[in-house]
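Asks: Dropping the structure in here first, questions after.
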Amino acid sequence: MAYPLRYALADLALALSRVSHEPAAVQSTAARAAADMIGDGAGVQLLRDDGRYDSITYHHVDDERSASLARVLDHVDQLPDDDFSTALAASRRPIVLAGDGVEPLAGEEHEIHSAVLCPVIVDNTYAGYLVLTREAPGSFYSSAEVELARDIAGELALACSSARALERLRASEERYRRVLETIPEGVLQLDPDAVVTYANEPIGVVLGMPRSQLVGVSLRGFLNDQGQKELNRRINECKEGRSTVGGTRLMRADGSQRSVRISMMPLMGDHGEFTGVVCMVTDTTDHIDARGLKRQLDHLRRLDSLGQLIGGISHDFNNLLTVVGGSAEMISSTTEEGSQHHRLATDILEAVGTGRSLTHQLLAFGRSDGNRPEIIPIPDLLTDVQSLFSRTLGEHIGLDLAFGPDVWAVRAERGPLEQALVNLAANARDAMLHGGMLRVAAMNELVEAGKGPEGVPPGRLVHIVITDTGVGMTDEVRQRALEPFFTTRPTAAGLGLATTAGIVQGLGGHIELESEPRMGTTVHLYLPAAEEKTAPAAGRQGAPAVIGRVLIVEDQPEVAQLVQRLIEPAGYAITVATDALQAVTQVAAGAHPDLLITDVVMPTMTGPELAAALRTHRPDLPVLYMSGYTAASLGPQLHLDDNSMLIEKPFTRSTLLAAIRTLAGTSSNEAATSK
């Protein structure tokens, strides 16, 4: 019987794959197959997205019995908190019922004498169950039949997983379609002969034709002779696998002309053959012909929205990186060094570090007001970043720093300014793959109004010059090098120089590039000098106390659980709350935490608001803030006093414990051990 059953399961898998795009058909196919292969009746009861059971899909070999038994067995709209559901979710093993044991499943007048419940586990999560029933008195299910039912439930789980994946794919495709239809830029897809195969609505507006009429029309018909020659050249570049960007004039259907900027990227087939190009068309007519105040304000609004979007995405991504990095660090600390698991965990931690750098670049690029500036002596800054430069450049590139002790200080936030310099070092490194020299010099300059280089503000300036001996840039690349997401390297994000430019311009300064192919690149940074003297750092008052009780407040449960797992081995007694109001209630009711660890941005109450509320009961309560935003991005939302600190996500266990000890001392267990 093994071979027929194997064939039957293979047939079931094939049947489920054919209907995987229809969830109802998946359940019906599985229920019918289970009833036919094992006997009597079978049903599928799955959970909806809201966490409650959906209607059962039940099939009986006697069709007249299907409806009545379905009503008896249906748990629609119920939560999976009954004994059977709880046991299935916990054990993930079938439950076999017989005799009186069936009554809790179907009631007193069920006429069912034996049943089997098999859990359906989709993507490692309990998603419902497959139920088999028999009505003959004294009937039972053999071990082989239970195992077969389990196999059927497994095939059902795979089909449900495929259905979910298809649904996510359809949703993703719909989102991308909406993006293409709603972005202000025109999008064209051309075949190798420049004939339009796809057009979105905005390009129809640019060309003065309905999008439906553009398909099948050659783009050459909208270009003059020079434009057609330029189009041929750009298509040939795309055939060689290169993207191209340039401006041109398009003739509209009514005879008028529009100035546009066209970005063209090659499209390749499954076998690497050239199949056409996709074009992003931006109408630049208004920018060229009418640079009015209204368009400048609109542009600023779009940038502000982009900054908020970048900040939100980076914050959420940092939460994810915190969980990934913390979990990988725990795996690394519990596995033998050199083992495969240890190496994999180390690779994950390195990837988390790369992701953290990228999100901090995004935050620095997207932030607006609310920075935390300080007076930074330039000699101290360059001395501090020298080690960062060396690690960034590697052993094959030399480093030469030249500055005097009298170089003026600047007023800025240290983190982003260091990041700007390291970004420039990283760009120089990528331009010197075979080795070279990076020279960094700083000097004072006094620029009179109207007498300095174009774009350089007048006044007392610190002029930082970064020069490399790399491959250099063409004039076209140099002019676009500061644009966000522009890059000549396929593996780069295109944010390094744009981030640096944003940081420098945010300080009221100016950045300028000098470069020629094979002659290296020189970057000039002009930063306004500070008028104030550097203030000595205020030390933290008092010695850290010994603590034992820690209250963790984090609206992301997975992050809260990770923080608990990271610090629990150090001996702290931990209470976790995923809602700020819950934490306030606990402290008001008599809880006495020695330390509060809280997220800054939470839905019902921010971290600083929570700290203020708890300090009405515990005035000296130390507070360790966590955030996926940088301190500069948080701005006035966060005020750090002598009894509070901020740790940025993602963080490691050692970083977290060090922050706790710096702020509030060691745990009671650690203190006892030290004695």
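Chain identifiers are assigned as A, B, and so on, following the order in which chains appear in the structure tokens; residues are numbered from 1 within each chain, and ligands are numbered from 1 in order of appearance.
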List as a PDB file with N, CA, C and O atoms, in the first residue's frame the protein and nucleic acid residues near Ala573 (chain A), meaning an atom at most 8 Å away when only C-alpha atoms are counted, but skip any in the same chain fewer than 5 places from it.

Replies:
ATOM      1  N   GLY A 548      19.186  46.365  40.993  1.00  0.00           N
ATOM      2  CA  GLY A 548      18.726  44.990  40.827  1.00  0.00           C
ATOM      3  C   GLY A 548      17.484  44.883  39.981  1.00  0.00           C
ATOM      4  O   GLY A 548      17.297  43.918  39.246  1.00  0.00           O
ATOM      5  N   ARG A 549      16.596  45.884  40.055  1.00  0.00           N
ATOM      6  CA  ARG A 549      15.311  45.813  39.364  1.00  0.00           C
ATOM      7  C   ARG A 549      15.328  46.752  38.154  1.00  0.00           C
ATOM      8  O   ARG A 549      15.601  47.950  38.299  1.00  0.00           O
ATOM      9  N   VAL A 550      15.012  46.195  36.991  1.00  0.00           N
ATOM     10  CA  VAL A 550      15.014  46.960  35.745  1.00  0.00           C
ATOM     11  C   VAL A 550      13.626  46.871  35.119  1.00  0.00           C
ATOM     12  O   VAL A 550      13.068  45.776  34.981  1.00  0.00           O
ATOM     13  N   GLU A 568      19.451  39.802  31.158  1.00  0.00           N
ATOM     14  CA  GLU A 568      19.036  38.906  32.233  1.00  0.00           C
ATOM     15  C   GLU A 568      20.192  38.084  32.797  1.00  0.00           C
ATOM     16  O   GLU A 568      20.303  37.923  34.020  1.00  0.00           O
TER      17      GLU A 568
END

Asks: Need the shell around region 514-520 of chain A: protein/DNA/RNA residues with any atom at most 9 Å away, counting only C-alpha atoms. Skip same-chain ones fewer than 6 positions apart. Format as a PyMOL selection string?

Replies: chain A and resi 428+431-432+467-475+478

Asks: Calculated over only C-alpha atoms, which of the candidates A:Leu12, A:Val352, A:Ala591, A:Ala570 has the smallest distance to Leu656 (chain A)?

Replies: A:Ala570

Asks: Fewer than 4 positions away in the same chain doesn't count, so skip those; otherwise give me all residues within 7 Å of region 44-56 of chain A, counting only C-alpha atoms, as a count of residues only.

Replies: 15

Asks: Please give the complete set of residues from region 157-388 of chain A that DSSP, run on the backbone, assigns to strand (DSSP E or B), formatted as an NGL selection string.

Replies: :A and (186-190 or 195-199 or 218 or 244-251 or 257-268 or 274-283 or 374-377)

Asks: In region 378-560 of chain A, what's helix (DSSP H, G or I) per DSSP? Answer as a ChimeraX atom specification?

Replies: /A:378-393,414-431,475-480,496-506,557-560

Asks: Skip Asp40 (chain A) itself and residues of its chain fewer than 3 positions away, then list as a list in words all residues within 9 Å of it, counting only C-alpha atoms.

Replies: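 Counting only the stated atoms, we get Ala35, Asp36, His59, His60, Val61, Asp62, Leu132, Thr133, Arg134 and Glu135 of chain A.
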
Asks: Take the residues from that selection and write them out as a PDB file, in the first residue's frame, keeping all heavy atoms.

Replies:
ATOM      1  N   ALA A  35     -10.813  12.798   3.145  1.00  0.00           N
ATOM      2  CA  ALA A  35     -11.980  11.930   3.301  1.00  0.00           C
ATOM      3  C   ALA A  35     -11.882  10.716   2.376  1.00  0.00           C
ATOM      4  O   ALA A  35     -12.201   9.584   2.769  1.00  0.00           O
ATOM      5  CB  ALA A  35     -13.248  12.724   3.020  1.00  0.00           C
ATOM      6  N   ASP A  36     -11.446  10.937   1.148  1.00  0.00           N
ATOM      7  CA  ASP A  36     -11.352   9.829   0.191  1.00  0.00           C
ATOM      8  C   ASP A  36     -10.230   8.853   0.554  1.00  0.00           C
ATOM      9  O   ASP A  36     -10.377   7.637   0.391  1.00  0.00           O
ATOM     10  CB  ASP A  36     -11.110  10.387  -1.218  1.00  0.00           C
ATOM     11  CG  ASP A  36     -12.322  11.154  -1.739  1.00  0.00           C
ATOM     12  OD1 ASP A  36     -13.423  10.976  -1.165  1.00  0.00           O
ATOM     13  OD2 ASP A  36     -12.171  11.931  -2.698  1.00  0.00           O
ATOM     14  N   HIS A  59     -15.908  17.834   4.184  1.00  0.00           N
ATOM     15  CA  HIS A  59     -16.397  16.925   3.133  1.00  0.00           C
ATOM     16  C   HIS A  59     -16.601  15.536   3.724  1.00  0.00           C
ATOM     17  O   HIS A  59     -15.768  15.046   4.491  1.00  0.00           O
ATOM     18  CB  HIS A  59     -15.396  16.844   1.979  1.00  0.00           C
ATOM     19  CG  HIS A  59     -15.804  15.855   0.920  1.00  0.00           C
ATOM     20  ND1 HIS A  59     -16.841  16.100   0.043  1.00  0.00           N
ATOM     21  CD2 HIS A  59     -15.319  14.618   0.620  1.00  0.00           C
ATOM     22  CE1 HIS A  59     -16.979  15.050  -0.754  1.00  0.00           C
ATOM     23  NE2 HIS A  59     -16.076  14.146  -0.426  1.00  0.00           N
ATOM     24  N   HIS A  60     -17.716  14.904   3.396  1.00  0.00           N
ATOM     25  CA  HIS A  60     -18.031  13.553   3.846  1.00  0.00           C
ATOM     26  C   HIS A  60     -18.256  12.680   2.620  1.00  0.00           C
ATOM     27  O   HIS A  60     -18.749  13.154   1.581  1.00  0.00           O
ATOM     28  CB  HIS A  60     -19.281  13.574   4.746  1.00  0.00           C
ATOM     29  CG  HIS A  60     -19.438  12.327   5.571  1.00  0.00           C
ATOM     30  ND1 HIS A  60     -20.012  11.183   5.081  1.00  0.00           N
ATOM     31  CD2 HIS A  60     -19.092  12.058   6.860  1.00  0.00           C
ATOM     32  CE1 HIS A  60     -20.025  10.252   6.031  1.00  0.00           C
ATOM     33  NE2 HIS A  60     -19.474  10.761   7.124  1.00  0.00           N
ATOM     34  N   VAL A  61     -17.875  11.405   2.768  1.00  0.00           N
ATOM     35  CA  VAL A  61     -18.065  10.505   1.624  1.00  0.00           C
ATOM     36  C   VAL A  61     -19.545  10.399   1.265  1.00  0.00           C
ATOM     37  O   VAL A  61     -19.908  10.133   0.112  1.00  0.00           O
ATOM     38  CB  VAL A  61     -17.477   9.114   1.937  1.00  0.00           C
ATOM     39  CG1 VAL A  61     -15.955   9.191   2.021  1.00  0.00           C
ATOM     40  CG2 VAL A  61     -18.038   8.546   3.231  1.00  0.00           C
ATOM     41  N   ASP A  62     -20.393  10.597   2.253  1.00  0.00           N
ATOM     42  CA  ASP A  62     -21.831  10.684   2.017  1.00  0.00           C
ATOM     43  C   ASP A  62     -22.182  12.171   1.987  1.00  0.00           C
ATOM     44  O   ASP A  62     -22.237  12.839   3.022  1.00  0.00           O
ATOM     45  CB  ASP A  62     -22.597   9.980   3.143  1.00  0.00           C
ATOM     46  CG  ASP A  62     -24.111  10.013   2.924  1.00  0.00           C
ATOM     47  OD1 ASP A  62     -24.551  10.597   1.904  1.00  0.00           O
ATOM     48  OD2 ASP A  62     -24.835   9.477   3.776  1.00  0.00           O
ATOM     49  N   LEU A 132     -10.412  14.745  11.078  1.00  0.00           N
ATOM     50  CA  LEU A 132     -10.971  13.541  10.466  1.00  0.00           C
ATOM     51  C   LEU A 132     -11.999  12.951  11.429  1.00  0.00           C
ATOM     52  O   LEU A 132     -11.778  12.926  12.651  1.00  0.00           O
ATOM     53  CB  LEU A 132      -9.877  12.523  10.187  1.00  0.00           C
ATOM     54  CG  LEU A 132      -8.711  12.995   9.297  1.00  0.00           C
ATOM     55  CD1 LEU A 132      -7.620  11.957   9.278  1.00  0.00           C
ATOM     56  CD2 LEU A 132      -9.196  13.270   7.901  1.00  0.00           C
ATOM     57  N   THR A 133     -13.113  12.461  10.922  1.00  0.00           N
ATOM     58  CA  THR A 133     -14.185  11.927  11.784  1.00  0.00           C
ATOM     59  C   THR A 133     -14.702  10.598  11.243  1.00  0.00           C
ATOM     60  O   THR A 133     -14.731  10.366  10.022  1.00  0.00           O
ATOM     61  CB  THR A 133     -15.365  12.923  11.867  1.00  0.00           C
ATOM     62  OG1 THR A 133     -15.914  13.124  10.556  1.00  0.00           O
ATOM     63  CG2 THR A 133     -14.909  14.266  12.432  1.00  0.00           C
ATOM     64  N   ARG A 134     -15.114   9.723  12.181  1.00  0.00           N
ATOM     65  CA  ARG A 134     -15.787   8.465  11.849  1.00  0.00           C
ATOM     66  C   ARG A 134     -16.992   8.302  12.762  1.00  0.00           C
ATOM     67  O   ARG A 134     -16.926   8.640  13.954  1.00  0.00           O
ATOM     68  CB  ARG A 134     -14.825   7.279  12.009  1.00  0.00           C
ATOM     69  CG  ARG A 134     -13.848   7.158  10.842  1.00  0.00           C
ATOM     70  CD  ARG A 134     -12.903   5.998  10.994  1.00  0.00           C
ATOM     71  NE  ARG A 134     -12.064   5.879   9.794  1.00  0.00           N
ATOM     72  CZ  ARG A 134     -10.970   5.152   9.720  1.00  0.00           C
ATOM     73  NH1 ARG A 134     -10.558   4.471  10.778  1.00  0.00           N
ATOM     74  NH2 ARG A 134     -10.274   5.099   8.598  1.00  0.00           N
ATOM     75  N   GLU A 135     -18.077   7.735  12.201  1.00  0.00           N
ATOM     76  CA  GLU A 135     -19.345   7.662  12.944  1.00  0.00           C
ATOM     77  C   GLU A 135     -19.709   6.248  13.372  1.00  0.00           C
ATOM     78  O   GLU A 135     -20.681   6.064  14.117  1.00  0.00           O
ATOM     79  CB  GLU A 135     -20.470   8.241  12.078  1.00  0.00           C
ATOM     80  CG  GLU A 135     -20.212   9.675  11.664  1.00  0.00           C
ATOM     81  CD  GLU A 135     -21.091  10.107  10.503  1.00  0.00           C
ATOM     82  OE1 GLU A 135     -22.301  10.278  10.718  1.00  0.00           O
ATOM     83  OE2 GLU A 135     -20.560  10.231   9.381  1.00  0.00           O
TER      84      GLU A 135
END

Asks: Can you measure CA of Val447 (chain A) to CA of Gly415 (chain A) for me? One decimal in Å is fine.

Replies: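 Calculated distance between CA of Val447 (chain A) and CA of Gly415 (chain A) is 27.0 Å.
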